[in-house]
There are 2 protein chains.
Amino acid sequence: MDEKVYEAEAEYFKALSHPTRIKIVQYLKGGERCVCEIVPYLKEEQSNVSRHLAALKRVGILSSRKEGVSVYYKVQDENVYKILDLALSSVKRIAREKAAILS
Amino acid sequence: MDEKVYEAEAEYFKALSHPTRIKIVQYLKGGERCVCEIVPYLKEEQSNVSRHLAALKRVGILSSRKEGVSVYYKVQDENVYKILDLALSSVKRIAREKAAILS
DNA sequence: ATACTATATGAACATTTAATCATAAAAAGG
DNA sequence: CCTTTTTATGATTAAATGTTCATATAGTAT
């Protein structure tokens, strides 16, 4: 496979490699949300949330639209939920096995 | 969901967020491999490859066993291939859509 | 014991990422 | 026009990451 493809795939995973960004994607499972709803939900700095949203949008996981002064974000890549689910099951299984070894 | 779980999931994605590490996982699709095979395959510094392998092992994606002076790595989390495949299809679709918009 | 091979790790450095504060830009309301 | 609200962005700083070189460690062979 092409080096460029590996790089793009790595960028995609990098966008998901922060707990706040995973939380954002999960929150948007409920559908499109205004930044003015996302910020209070996360209880983090507005500027920080704005940058996390930009990171997810940059790789195409999210998209946004402006309505007046508000900006609405939604999941553009529905595939991401399958990926999050699989990663979660991996993480849980790995943790379970690690616990089993220590017992 | 628990904050700890989001953090563990983020760590998992972080392990996949480097082209060399993705290449390693794909290479190990062929089964267990000695570091002495992985390094020449990647054509990167031995010490660097060693650190990438350690990063993948740390989160449980790979495991290793020692045989004499050699160390063999293999994929411990077979789930990772489903995740890589899904991410690849997302990345391709996103690229296709981006190209379509520009045309 | 010495020398050689395979792998991991410490130290150093450059780059990237995350967080915060302050401010800019755009829209809306008075 | 001035003010307020919402979101994005520049600047700064701290921390994490990736790379390289040199070296340590462990196993094997002579």
# chains A, B, ... in the order shown; residues from 1 in each chain; ligands from 1

$ residues_around --residues "region 5-12 of chain C" --least-positions-apart "6" --cutoff "10 Å" --atoms "only C-alpha atoms (C1' of nucleotides)" --output "PyMOL selection string"
(chain B and resi 35-36+46-47+50-51+54+68-71) or (chain D and resi 20-28)

$ residues_around --residues "region 13-17 of chain D" --least-positions-apart "3" --cutoff "9 Å" --atoms "only C-alpha atoms (C1' of nucleotides)" --output "list in words"
DT15, DT16, DT17, DA18, DA19 and DT20 of chain C

$ residues_around --residues "Ile38 (chain B)" --least-positions-apart "6" --cutoff "12 Å" --atoms "only C-alpha atoms (C1' of nucleotides)" --output "ChimeraX atom specification"
/B:20-21,23-28,30-32,44-50,52-53,70-74

$ calpha_fit_and_write --fixed "chain B" --moving "chain A" --output "short mmCIF file (atom, residue, chain, number, x, y, z; two decimals) with C-alpha atoms, in the first residue's frame"
data_model
loop_
_atom_site.label_atom_id
_atom_site.label_comp_id
_atom_site.auth_asym_id
_atom_site.auth_seq_id
_atom_site.Cartn_x
_atom_site.Cartn_y
_atom_site.Cartn_z
CA MET A 1 -19.23 6.27 30.11
CA ASP A 2 -16.28 6.52 32.46
CA GLU A 3 -13.52 9.04 31.83
CA LYS A 4 -10.92 6.28 32.32
CA VAL A 5 -12.42 4.33 29.46
CA TYR A 6 -12.21 7.32 27.12
CA GLU A 7 -8.58 7.71 28.12
CA ALA A 8 -7.78 4.07 27.46
CA GLU A 9 -9.53 4.24 24.11
CA ALA A 10 -7.59 7.41 23.22
CA GLU A 11 -4.34 5.62 24.11
CA TYR A 12 -5.31 2.76 21.86
CA PHE A 13 -5.86 5.12 18.92
CA LYS A 14 -2.65 6.96 19.73
CA ALA A 15 -0.77 3.71 19.28
CA LEU A 16 -2.21 3.47 15.76
CA SER A 17 -1.58 7.11 14.90
CA HIS A 18 1.76 6.69 13.18
CA PRO A 19 2.30 5.33 9.67
CA THR A 20 5.20 3.12 10.72
CA ARG A 21 3.13 1.49 13.43
CA ILE A 22 0.27 0.82 11.03
CA LYS A 23 2.79 -0.72 8.65
CA ILE A 24 4.06 -2.96 11.42
CA VAL A 25 0.59 -4.24 12.23
CA GLN A 26 -0.11 -4.92 8.55
CA TYR A 27 3.20 -6.72 8.19
CA LEU A 28 2.33 -8.96 11.11
CA LYS A 29 -0.82 -10.04 9.34
CA GLY A 30 1.47 -12.68 7.87
CA GLY A 31 2.04 -14.00 11.39
CA GLU A 32 4.69 -13.75 14.04
CA ARG A 33 7.93 -12.03 13.00
CA CYS A 34 11.37 -11.57 14.46
CA VAL A 35 12.59 -8.01 15.06
CA CYS A 36 15.46 -8.99 12.80
CA GLU A 37 12.90 -9.29 9.96
CA ILE A 38 10.79 -6.26 10.87
CA VAL A 39 13.68 -3.78 10.90
CA PRO A 40 14.92 -4.52 7.37
CA TYR A 41 11.36 -4.62 6.09
CA LEU A 42 10.68 -1.11 7.39
CA LYS A 43 14.13 0.22 6.47
CA GLU A 44 14.19 2.41 9.55
CA GLU A 45 16.58 2.70 12.48
CA GLN A 46 16.59 -0.33 14.72
CA SER A 47 16.16 1.75 17.87
CA ASN A 48 13.26 3.60 16.36
CA VAL A 49 11.52 0.40 15.30
CA SER A 50 12.08 -1.00 18.76
CA ARG A 51 10.25 1.96 20.27
CA HIS A 52 7.35 1.67 17.83
CA LEU A 53 7.02 -2.01 18.69
CA ALA A 54 7.06 -1.13 22.38
CA ALA A 55 4.27 1.43 21.84
CA LEU A 56 2.06 -1.18 20.17
CA LYS A 57 2.83 -3.74 22.83
CA ARG A 58 2.15 -1.29 25.65
CA VAL A 59 -1.53 -0.96 24.73
CA GLY A 60 -1.89 -4.69 24.06
CA ILE A 61 -2.12 -4.65 20.28
CA LEU A 62 1.06 -6.73 20.01
CA SER A 63 2.72 -9.29 22.23
CA SER A 64 6.24 -10.65 22.11
CA ARG A 65 8.26 -13.67 23.07
CA LYS A 66 11.96 -14.12 23.32
CA GLU A 67 13.79 -17.00 21.70
CA GLY A 68 17.48 -16.95 22.37
CA VAL A 69 18.74 -13.58 21.35
CA SER A 70 15.79 -12.95 19.04
CA VAL A 71 12.43 -11.40 19.88
CA TYR A 72 9.28 -12.34 18.01
CA TYR A 73 6.30 -10.02 17.86
CA LYS A 74 2.77 -10.92 16.88
CA VAL A 75 -0.66 -9.31 16.86
CA GLN A 76 -2.43 -10.00 20.12
CA ASP A 77 -5.54 -7.98 19.31
CA GLU A 78 -6.92 -9.46 16.10
CA ASN A 79 -9.70 -6.89 16.30
CA VAL A 80 -7.18 -4.33 15.13
CA TYR A 81 -7.53 -5.50 11.54
CA LYS A 82 -11.23 -4.69 11.47
CA ILE A 83 -10.40 -1.26 12.85
CA LEU A 84 -7.67 -0.66 10.27
CA ASP A 85 -9.98 -1.76 7.46
CA LEU A 86 -12.79 0.50 8.58
CA ALA A 87 -10.47 3.47 9.02
CA LEU A 88 -9.03 2.85 5.58
CA SER A 89 -12.47 2.83 4.01
CA SER A 90 -13.35 6.04 5.86
CA VAL A 91 -10.18 7.75 4.75
CA LYS A 92 -10.76 6.71 1.16
CA ARG A 93 -14.37 7.82 1.15
CA ILE A 94 -13.48 11.15 2.72
CA ALA A 95 -10.74 11.69 0.12
CA ARG A 96 -13.16 10.79 -2.66
CA GLU A 97 -15.76 13.25 -1.39
CA LYS A 98 -13.16 15.96 -1.00
CA ALA A 99 -12.04 15.37 -4.59
CA ALA A 100 -15.63 15.47 -5.80
CA ILE A 101 -16.25 18.83 -4.17
CA LEU A 102 -13.19 20.32 -5.86
CA SER A 103 -14.32 19.21 -9.29
#

$ atom_distance --atom1 "C1' of DT9 (chain D)" --atom2 "C1' of DA24 (chain C)"
7.6 Å

$ select_by_dssp --residues "chain B" --states "helix (DSSP H, G or I)" --output "CSV table (one decimal) with N, CA, C and O atoms, in the first residue's frame"
chain,number,residue,atom,x,y,z
B,3,GLU,N,-14.6,8.3,32.4
B,3,GLU,CA,-13.5,9.0,31.9
B,3,GLU,C,-12.3,8.1,31.6
B,3,GLU,O,-11.6,8.2,30.6
B,4,LYS,N,-12.0,7.2,32.5
B,4,LYS,CA,-10.9,6.3,32.3
B,4,LYS,C,-11.0,5.5,31.0
B,4,LYS,O,-10.0,5.1,30.4
B,5,VAL,N,-12.2,5.1,30.7
B,5,VAL,CA,-12.4,4.3,29.5
B,5,VAL,C,-12.1,5.1,28.2
B,5,VAL,O,-11.5,4.7,27.3
B,6,TYR,N,-12.5,6.4,28.2
B,6,TYR,CA,-12.2,7.3,27.1
B,6,TYR,C,-10.7,7.5,27.0
B,6,TYR,O,-10.1,7.5,25.9
B,7,GLU,N,-10.0,7.5,28.1
B,7,GLU,CA,-8.6,7.7,28.1
B,7,GLU,C,-7.9,6.5,27.6
B,7,GLU,O,-7.0,6.6,26.7
B,8,ALA,N,-8.4,5.3,28.0
B,8,ALA,CA,-7.8,4.1,27.5
B,8,ALA,C,-8.0,3.9,26.0
B,8,ALA,O,-7.1,3.5,25.2
B,9,GLU,N,-9.2,4.3,25.5
B,9,GLU,CA,-9.5,4.2,24.1
B,9,GLU,C,-8.6,5.2,23.3
B,9,GLU,O,-8.1,4.9,22.2
B,10,ALA,N,-8.4,6.4,23.9
B,10,ALA,CA,-7.6,7.4,23.2
B,10,ALA,C,-6.2,6.9,23.1
B,10,ALA,O,-5.5,7.1,22.1
B,11,GLU,N,-5.7,6.2,24.1
B,11,GLU,CA,-4.3,5.6,24.1
B,11,GLU,C,-4.2,4.6,23.0
B,11,GLU,O,-3.2,4.5,22.3
B,12,TYR,N,-5.3,3.8,22.9
B,12,TYR,CA,-5.3,2.8,21.8
B,12,TYR,C,-5.2,3.4,20.5
B,12,TYR,O,-4.4,3.0,19.6
B,13,PHE,N,-5.9,4.5,20.2
B,13,PHE,CA,-5.9,5.1,18.9
B,13,PHE,C,-4.5,5.8,18.7
B,13,PHE,O,-4.0,5.8,17.6
B,14,LYS,N,-4.0,6.3,19.8
B,14,LYS,CA,-2.6,7.0,19.7
B,14,LYS,C,-1.6,6.0,19.2
B,14,LYS,O,-0.7,6.3,18.5
B,15,ALA,N,-1.7,4.7,19.7
B,15,ALA,CA,-0.8,3.7,19.3
B,15,ALA,C,-0.9,3.5,17.8
B,15,ALA,O,0.1,3.1,17.1
B,16,LEU,N,-2.0,3.7,17.2
B,16,LEU,CA,-2.2,3.5,15.8
B,16,LEU,C,-2.0,4.7,14.9
B,16,LEU,O,-2.1,4.7,13.7
B,19,PRO,N,2.3,6.2,10.8
B,19,PRO,CA,2.3,5.3,9.7
B,19,PRO,C,3.2,4.1,9.9
B,19,PRO,O,2.8,3.0,9.4
B,20,THR,N,4.3,4.3,10.5
B,20,THR,CA,5.2,3.1,10.7
B,20,THR,C,4.5,2.1,11.6
B,20,THR,O,4.7,0.9,11.3
B,21,ARG,N,3.8,2.5,12.6
B,21,ARG,CA,3.1,1.5,13.4
B,21,ARG,C,2.0,0.8,12.7
B,21,ARG,O,1.8,-0.4,12.9
B,22,ILE,N,1.3,1.5,11.8
B,22,ILE,CA,0.3,0.8,11.0
B,22,ILE,C,0.9,-0.2,10.1
B,22,ILE,O,0.5,-1.3,10.0
B,23,LYS,N,2.1,0.2,9.5
B,23,LYS,CA,2.8,-0.7,8.6
B,23,LYS,C,3.2,-2.0,9.4
B,23,LYS,O,3.1,-3.1,8.8
B,24,ILE,N,3.7,-1.8,10.6
B,24,ILE,CA,4.1,-3.0,11.4
B,24,ILE,C,2.9,-3.9,11.6
B,24,ILE,O,3.0,-5.1,11.4
B,25,VAL,N,1.7,-3.4,12.0
B,25,VAL,CA,0.6,-4.2,12.2
B,25,VAL,C,0.2,-5.0,10.9
B,25,VAL,O,-0.1,-6.2,10.9
B,26,GLN,N,0.2,-4.3,9.8
B,26,GLN,CA,-0.1,-4.9,8.5
B,26,GLN,C,0.9,-6.0,8.2
B,26,GLN,O,0.5,-7.1,7.7
B,27,TYR,N,2.2,-5.7,8.5
B,27,TYR,CA,3.2,-6.7,8.2
B,27,TYR,C,3.0,-8.0,9.0
B,27,TYR,O,3.2,-9.1,8.5
B,28,LEU,N,2.5,-7.8,10.2
B,28,LEU,CA,2.3,-8.9,11.1
B,28,LEU,C,1.1,-9.7,10.8
B,28,LEU,O,0.8,-10.7,11.4
B,29,LYS,N,0.3,-9.3,9.8
B,29,LYS,CA,-0.8,-10.0,9.3
B,29,LYS,C,-0.3,-11.4,8.8
B,29,LYS,O,-1.1,-12.4,8.9
B,30,GLY,N,0.9,-11.4,8.3
B,30,GLY,CA,1.5,-12.7,7.9
B,30,GLY,C,1.9,-13.6,9.0
B,30,GLY,O,2.4,-14.7,8.8
B,35,VAL,N,12.1,-9.4,15.3
B,35,VAL,CA,12.6,-8.0,15.1
B,35,VAL,C,13.6,-7.9,13.9
B,35,VAL,O,13.6,-7.0,13.2
B,36,CYS,N,14.4,-9.0,13.8
B,36,CYS,CA,15.4,-9.0,12.8
B,36,CYS,C,14.9,-9.1,11.4
B,36,CYS,O,15.6,-8.8,10.4
B,37,GLU,N,13.6,-9.4,11.3
B,37,GLU,CA,12.9,-9.3,10.0
B,37,GLU,C,12.2,-8.0,9.8
B,37,GLU,O,12.0,-7.4,8.7
B,38,ILE,N,11.6,-7.5,10.9
B,38,ILE,CA,10.8,-6.3,10.9
B,38,ILE,C,11.6,-5.0,10.5
B,38,ILE,O,11.2,-4.2,9.7
B,39,VAL,N,12.8,-5.0,11.1
B,39,VAL,CA,13.7,-3.8,10.9
B,39,VAL,C,14.1,-3.7,9.4
B,39,VAL,O,13.9,-2.6,8.9
B,40,PRO,N,14.6,-4.7,8.8
B,40,PRO,CA,14.9,-4.5,7.4
B,40,PRO,C,13.7,-4.3,6.5
B,40,PRO,O,13.8,-3.6,5.5
B,41,TYR,N,12.6,-4.9,6.9
B,41,TYR,CA,11.4,-4.6,6.1
B,41,TYR,C,11.0,-3.1,6.1
B,41,TYR,O,10.7,-2.6,5.1
B,42,LEU,N,11.1,-2.5,7.3
B,42,LEU,CA,10.7,-1.1,7.4
B,42,LEU,C,11.8,-0.2,6.9
B,42,LEU,O,11.5,1.0,6.6
B,46,GLN,N,17.0,0.7,13.8
B,46,GLN,CA,16.6,-0.3,14.7
B,46,GLN,C,16.0,0.2,16.0
B,46,GLN,O,15.0,-0.3,16.5
B,47,SER,N,16.7,1.2,16.6
B,47,SER,CA,16.2,1.7,17.9
B,47,SER,C,14.8,2.4,17.8
B,47,SER,O,14.0,2.2,18.6
B,48,ASN,N,14.6,3.0,16.6
B,48,ASN,CA,13.3,3.6,16.4
B,48,ASN,C,12.2,2.5,16.2
B,48,ASN,O,11.1,2.6,16.8
B,49,VAL,N,12.5,1.5,15.5
B,49,VAL,CA,11.5,0.4,15.3
B,49,VAL,C,11.2,-0.2,16.7
B,49,VAL,O,10.1,-0.5,17.0
B,50,SER,N,12.3,-0.4,17.5
B,50,SER,CA,12.1,-1.0,18.8
B,50,SER,C,11.1,-0.2,19.6
B,50,SER,O,10.2,-0.7,20.3
B,51,ARG,N,11.2,1.1,19.5
B,51,ARG,CA,10.3,2.0,20.3
B,51,ARG,C,8.8,1.9,19.7
B,51,ARG,O,7.9,1.9,20.5
B,52,HIS,N,8.7,1.8,18.4
B,52,HIS,CA,7.4,1.7,17.8
B,52,HIS,C,6.7,0.4,18.2
B,52,HIS,O,5.5,0.3,18.6
B,53,LEU,N,7.5,-0.7,18.2
B,53,LEU,CA,7.0,-2.0,18.7
B,53,LEU,C,6.6,-1.9,20.2
B,53,LEU,O,5.5,-2.5,20.5
B,54,ALA,N,7.4,-1.3,21.0
B,54,ALA,CA,7.1,-1.1,22.4
B,54,ALA,C,5.8,-0.4,22.6
B,54,ALA,O,4.9,-0.7,23.4
B,55,ALA,N,5.5,0.7,21.7
B,55,ALA,CA,4.3,1.4,21.8
B,55,ALA,C,3.1,0.6,21.5
B,55,ALA,O,2.0,0.7,22.2
B,56,LEU,N,3.2,-0.3,20.5
B,56,LEU,CA,2.1,-1.2,20.2
B,56,LEU,C,1.8,-2.3,21.2
B,56,LEU,O,0.7,-2.7,21.5
B,57,LYS,N,2.9,-2.7,21.8
B,57,LYS,CA,2.8,-3.7,22.8
B,57,LYS,C,2.2,-3.2,24.1
B,57,LYS,O,1.4,-3.8,24.8
B,58,ARG,N,2.6,-1.9,24.4
B,58,ARG,CA,2.2,-1.3,25.7
B,58,ARG,C,0.6,-1.3,25.8
B,58,ARG,O,0.1,-1.5,26.9
B,79,ASN,N,-8.7,-7.9,16.5
B,79,ASN,CA,-9.7,-6.9,16.3
B,79,ASN,C,-9.1,-5.7,15.5
B,79,ASN,O,-9.8,-5.0,14.8
B,80,VAL,N,-7.8,-5.5,15.7
B,80,VAL,CA,-7.2,-4.3,15.1
B,80,VAL,C,-7.3,-4.3,13.6
B,80,VAL,O,-7.4,-3.2,13.0
B,81,TYR,N,-7.4,-5.5,13.0
B,81,TYR,CA,-7.5,-5.5,11.5
B,81,TYR,C,-8.9,-5.0,11.0
B,81,TYR,O,-8.9,-4.3,10.0
B,82,LYS,N,-9.9,-5.2,11.8
B,82,LYS,CA,-11.2,-4.7,11.5
B,82,LYS,C,-11.2,-3.2,11.6
B,82,LYS,O,-11.7,-2.4,10.7
B,83,ILE,N,-10.5,-2.7,12.6
B,83,ILE,CA,-10.4,-1.3,12.8
B,83,ILE,C,-9.6,-0.6,11.7
B,83,ILE,O,-10.0,0.4,11.2
B,84,LEU,N,-8.5,-1.2,11.4
B,84,LEU,CA,-7.7,-0.7,10.3
B,84,LEU,C,-8.4,-0.6,9.0
B,84,LEU,O,-8.4,0.3,8.2
B,85,ASP,N,-9.2,-1.7,8.7
B,85,ASP,CA,-10.0,-1.8,7.5
B,85,ASP,C,-11.0,-0.7,7.4
B,85,ASP,O,-11.2,0.0,6.4
B,86,LEU,N,-11.7,-0.5,8.5
B,86,LEU,CA,-12.8,0.5,8.6
B,86,LEU,C,-12.2,1.9,8.4
B,86,LEU,O,-12.7,2.7,7.7
B,87,ALA,N,-11.1,2.2,9.1
B,87,ALA,CA,-10.5,3.5,9.0
B,87,ALA,C,-10.0,3.7,7.6
B,87,ALA,O,-10.2,4.8,7.1
B,88,LEU,N,-9.5,2.7,7.0
B,88,LEU,CA,-9.0,2.9,5.6
B,88,LEU,C,-10.2,3.2,4.7
B,88,LEU,O,-10.1,4.1,3.8
B,89,SER,N,-11.3,2.5,4.9
B,89,SER,CA,-12.5,2.8,4.0
B,89,SER,C,-13.0,4.2,4.3
B,89,SER,O,-13.4,5.0,3.4
B,90,SER,N,-12.9,4.7,5.5
B,90,SER,CA,-13.4,6.0,5.9
B,90,SER,C,-12.5,7.0,5.2
B,90,SER,O,-12.9,8.0,4.5
B,91,VAL,N,-11.2,6.8,5.3
B,91,VAL,CA,-10.2,7.8,4.8
B,91,VAL,C,-10.3,7.9,3.2
B,91,VAL,O,-10.3,8.9,2.7
B,92,LYS,N,-10.6,6.7,2.6
B,92,LYS,CA,-10.8,6.7,1.2
B,92,LYS,C,-12.0,7.4,0.7
B,92,LYS,O,-12.1,8.2,-0.2
B,93,ARG,N,-13.1,7.2,1.5
B,93,ARG,CA,-14.4,7.8,1.2
B,93,ARG,C,-14.3,9.3,1.3
B,93,ARG,O,-14.7,10.1,0.5
B,94,ILE,N,-13.6,9.7,2.4
B,94,ILE,CA,-13.5,11.1,2.7
B,94,ILE,C,-12.7,11.8,1.6
B,94,ILE,O,-13.0,12.9,1.1
B,95,ALA,N,-11.6,11.1,1.2
B,95,ALA,CA,-10.8,11.7,0.1
B,95,ALA,C,-11.5,11.8,-1.2
B,95,ALA,O,-11.4,12.8,-1.9
B,96,ARG,N,-12.4,10.8,-1.4
B,96,ARG,CA,-13.2,10.8,-2.7
B,96,ARG,C,-14.2,12.0,-2.6
B,96,ARG,O,-14.3,12.7,-3.6
B,97,GLU,N,-14.8,12.1,-1.5
B,97,GLU,CA,-15.8,13.2,-1.4
B,97,GLU,C,-15.1,14.6,-1.5
B,97,GLU,O,-15.7,15.5,-2.1
B,98,LYS,N,-13.9,14.7,-0.9
B,98,LYS,CA,-13.2,16.0,-1.0
B,98,LYS,C,-12.8,16.3,-2.5
B,98,LYS,O,-13.0,17.4,-2.9
B,99,ALA,N,-12.4,15.2,-3.2
B,99,ALA,CA,-12.1,15.4,-4.6
B,99,ALA,C,-13.3,15.8,-5.4
B,99,ALA,O,-13.2,16.6,-6.3
B,100,ALA,N,-14.4,15.2,-5.1
B,100,ALA,CA,-15.7,15.4,-5.8
B,100,ALA,C,-16.1,16.9,-5.7
B,100,ALA,O,-16.5,17.5,-6.6
B,101,ILE,N,-15.9,17.4,-4.4
B,101,ILE,CA,-16.3,18.8,-4.2
B,101,ILE,C,-15.4,19.8,-5.0
B,101,ILE,O,-15.9,20.8,-5.5

$ select_by_dssp --residues "chain A" --states "strand (DSSP E)" --output "VMD selection string"
chain A and resid 33 to 34 62 to 67 70 to 75

$ interface_residues --of "chain D" --to "chain A" --cutoff "12 Å" --atoms "only C-alpha atoms (C1' of nucleotides)" --output "PyMOL selection string"
chain D and resi 4-10
